[in-house]
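A short write-up of the structure that comes next.
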Amino acid sequence: MIQVENLHKEFQVHRKAAGLKASLRSLFRRETVTKVAVDHVSFNVGEGEIVGLVGANGAGKTTIVKMLAGIIHPTSGHLRVLGHEPWARHNDFRRQIALIMGQKAQLWWDLPAADCFLLLREIYQVPKKEHGEMLDFLLDLLDVREELNIQIRRLSLGERMKMELIAALLHRPRVVFLDEPTIGLDLAAQRAIRDFILRYRQEMRPAMILTSHYMEDIERLCERIIIIRDGRFIFDGPLGEVVSRFAQHKIITASLSHGGRGLDWLEAAGGEVLSQTGSELRLRVARDEVADVAQRLLCDTGVHDLGVEEEDVAEVIEQMFAEKRGG
Amino acid sequence: MGIYWQVFTMELRRQMSYRLDFWMNSLFAFMAAMAVVYYLWSSIYAGLDGGEIAGYSLNGMITYYLLVILIGRLVRGSQQLMAIANDIYDGGLSRYQLYPTSYLGFKYAEHLGNLLPVALQIALLAVVAPFFLDLPPEYAITPATLGTALLVVGLANLLYFLLALPLQLVAFWADNVWSLAVMLHFVGGLLGGVMLPLDLFPQGLREILYFTPFVYLYYFPVQVLLGQLGWAEIARGVTVMAFWLVILGSVARLIWLRGSRLYSGVGI
């Protein structure tokens, strides 16, 4: 449903030093810098698939989504969504997609949600009956029927986000882009929205692309993730594979009876103590040292239990983002 | 068409939700402007000892200003002028890019929805005004001139929208285009007869002005309403308006096609 080949986007950015003098100079001569936001990426997304797009701020996630939705023009590359070129913004294409932006209100601020939905029915030319059914389905699923007639600006952030979701899905889009849908929400609201997205996928089988800062969103919703750094893909595959391919460490937990005395050798052996609470010790150990360290621990008479786990996927991915700054 | 009707009424509902603010604002602005006009011209005419200026009696002059101010509101609409530039500047355009409808059609419907309350106020004033002001004999408002004037005001409204549109679209390149909006307001007001009736301008300049779009924003509709123009003159004026509508529309289209490629959808 989504085909992307060699997609590339550059921006011209004006650069101005701080201060009044620089401001005055910039009135006459401005320095422009070319910034590569997305660097020749390729991927496909099929029906019913939720793909997580993960990356640090400014990595290019949102830029990709904006190009897929037809909001901005790609510098070069081949792009097809539902057989259409997004930038042409054909009405037939636009009737079948939705973009939900967690950071940007899309509904009309001064109107109650009910009025907004009415307007959207006209915009998307949805027959009255179909619109009513879908609205009922979504209102029940998200449990916001009570708030339907309240001005959008008077809703809480969580309620507003739910209304945004309803607004975006009323026309039963076949391709859905979700840009940070849970940003700023409390845990209960995050969970509600995640459950909703899963339910929606089950019923409607759309192709979805999700960007989020919360690893929990990604872990709960996506089987496949794309990790992006400086506009390039550094991983595209099943979530489970991230750990086996990129984790450089494992976690060893040991139960101690002597409180950890005599374990000074650990650091020299490449172990890093993550935490020590009472008799429980958590260590991060480089993968190729794990066997050694475990063996030495087992020889210690003060250790009466030992476990070896994979590193948390969120941490692995965070380390991958951090590498950028290092090198 | 259904969409545009919805947008139109939605904008109306939105306006109504701030009705107090709306009535206070427009009423005060109107009264202040009329007070300035009245005292300024009364004192000018007082020095003339009952004479005329460029064919206007004092009463005629005040009637002219009253109409130019009211018609000006219908032509410009309310504060919506820079809505498109703002959408480009703050990324609000993004959501409209997603909708399967024409963005500019949407905006124009919004603009018109904004206008209806203004039209209501004017209708109200039209009922009240005759009690305070007697129409000078040189003016003849008839159902025919009123009907024609309404059509011309409709065209003038579209003309103003299309005059502002290319300026607003400059926002694709420059971040802030307020100064252009102020310029249009000022130049349009000066050359369109809001500040002074064009009859006070030198004859040569006036003839040139008839080829610009500005005259048709304010001065021309008022003259049509007051029955000062013959059918041939009206037809010629409407032709010039149509010419400008086509030109400005094409220019805006060209700028849109080039500019929207630069749009980066900031803020998301």
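Quick note on naming: the chains in the structure tokens go A, B, ... in the order shown, residues restart at 1 in each chain, and ligands are numbered from 1 in order of appearance.
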>> Residues of chain A within 8 Å of chain B, counting only C-alpha atoms, what are they? List them as number ranges by chain.
In response: A: 62, 66, 69-73, 89-92, 94-95, 97-99, 101, 103-104, 106, 110-111, 115, 119, 122-124
>> What parts of region 56-176 of chain B does DSSP call helix (DSSP H, G or I)? I'd like the answer as a PyMOL selection string.
In response: chain B and resi 58-76+79-90+93-98+103-131+143-172
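The nearest approach to Asp195 (chain A) among the residues A:Met161, A:Arg220, A:Leu178, A:Leu169, with only C-alpha atoms taken into account, belongs to A:Arg220.
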For the interface of region 101-216 of chain B with region 24-47 of chain B (cut-off 10 Å, counting only C-alpha atoms), please tabulate each contacting residue of region 101-216 of chain B alongside its nearest pair of atoms and their separation in Å to one decimal, rows sorted by chain and increasing number, as a tab-separated table.
```
residue	atom	partner	partner_atom	distance
B:Val118	CA	B:Ser26	CA	8.3
B:Gln121	CA	B:Leu27	CA	8.7
B:Met195	CA	B:Val37	CA	9.9
```
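Nearest residue to Leu191 (chain B) among B:Gly204, B:Trp178, B:Leu120, B:Thr212 is B:Thr212, counting only C-alpha atoms.
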> Contacts of Phe246 (chain A) at 7 Å or less, counting only C-alpha atoms, minus same-chain residues fewer than 3 places along, as JSON, numbers by chain?
Replying inline: {"A": [242, 243, 316]}
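Within 7 Å of region 137-147 of chain B there are Val224, Leu225, Leu226 and Gly227 of chain B, counting only C-alpha atoms and ignoring same-chain residues fewer than 6 positions away.
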>> My list of candidates is B:Leu184, B:Ile53, B:Ala123, B:Val194. Which is closest to Leu165 (chain B) when distances are computed with only C-alpha atoms?
In response: B:Leu184
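With only C-alpha atoms taken into account, the protein and nucleic acid residues at most 12 Å from Gln295 (chain A) (excluding it and anything under 3 positions from it in its own chain) are Ile252, Ala254, Leu266, Ala269, Glu289, Val290, Ala291, Asp292, Leu298, Cys299, Asp300, Thr301, Val303, Leu306, Gly307 and Val308 of chain A.
By chain and then residue number, the residues within 9 Å of Glu47 (chain A) are Met1, Ile2, Ile50, Arg174, Val175, Arg205, Pro206, Ala207 and Met208 of chain A, counting only C-alpha atoms and disregarding those fewer than 3 positions away in sequence.
Among the candidate residues A:Val285, A:Ile100, A:Ala268, A:His131, the one lying nearest to Ile197 (chain A) is A:Ile100, with distances computed using only C-alpha atoms.
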> Which is closer to Glu318 (chain A) than all the others in A:Asp136, A:Asp305, A:Ile166, A:Ala247, using only C-alpha atoms?
Replying inline: A:Ala247
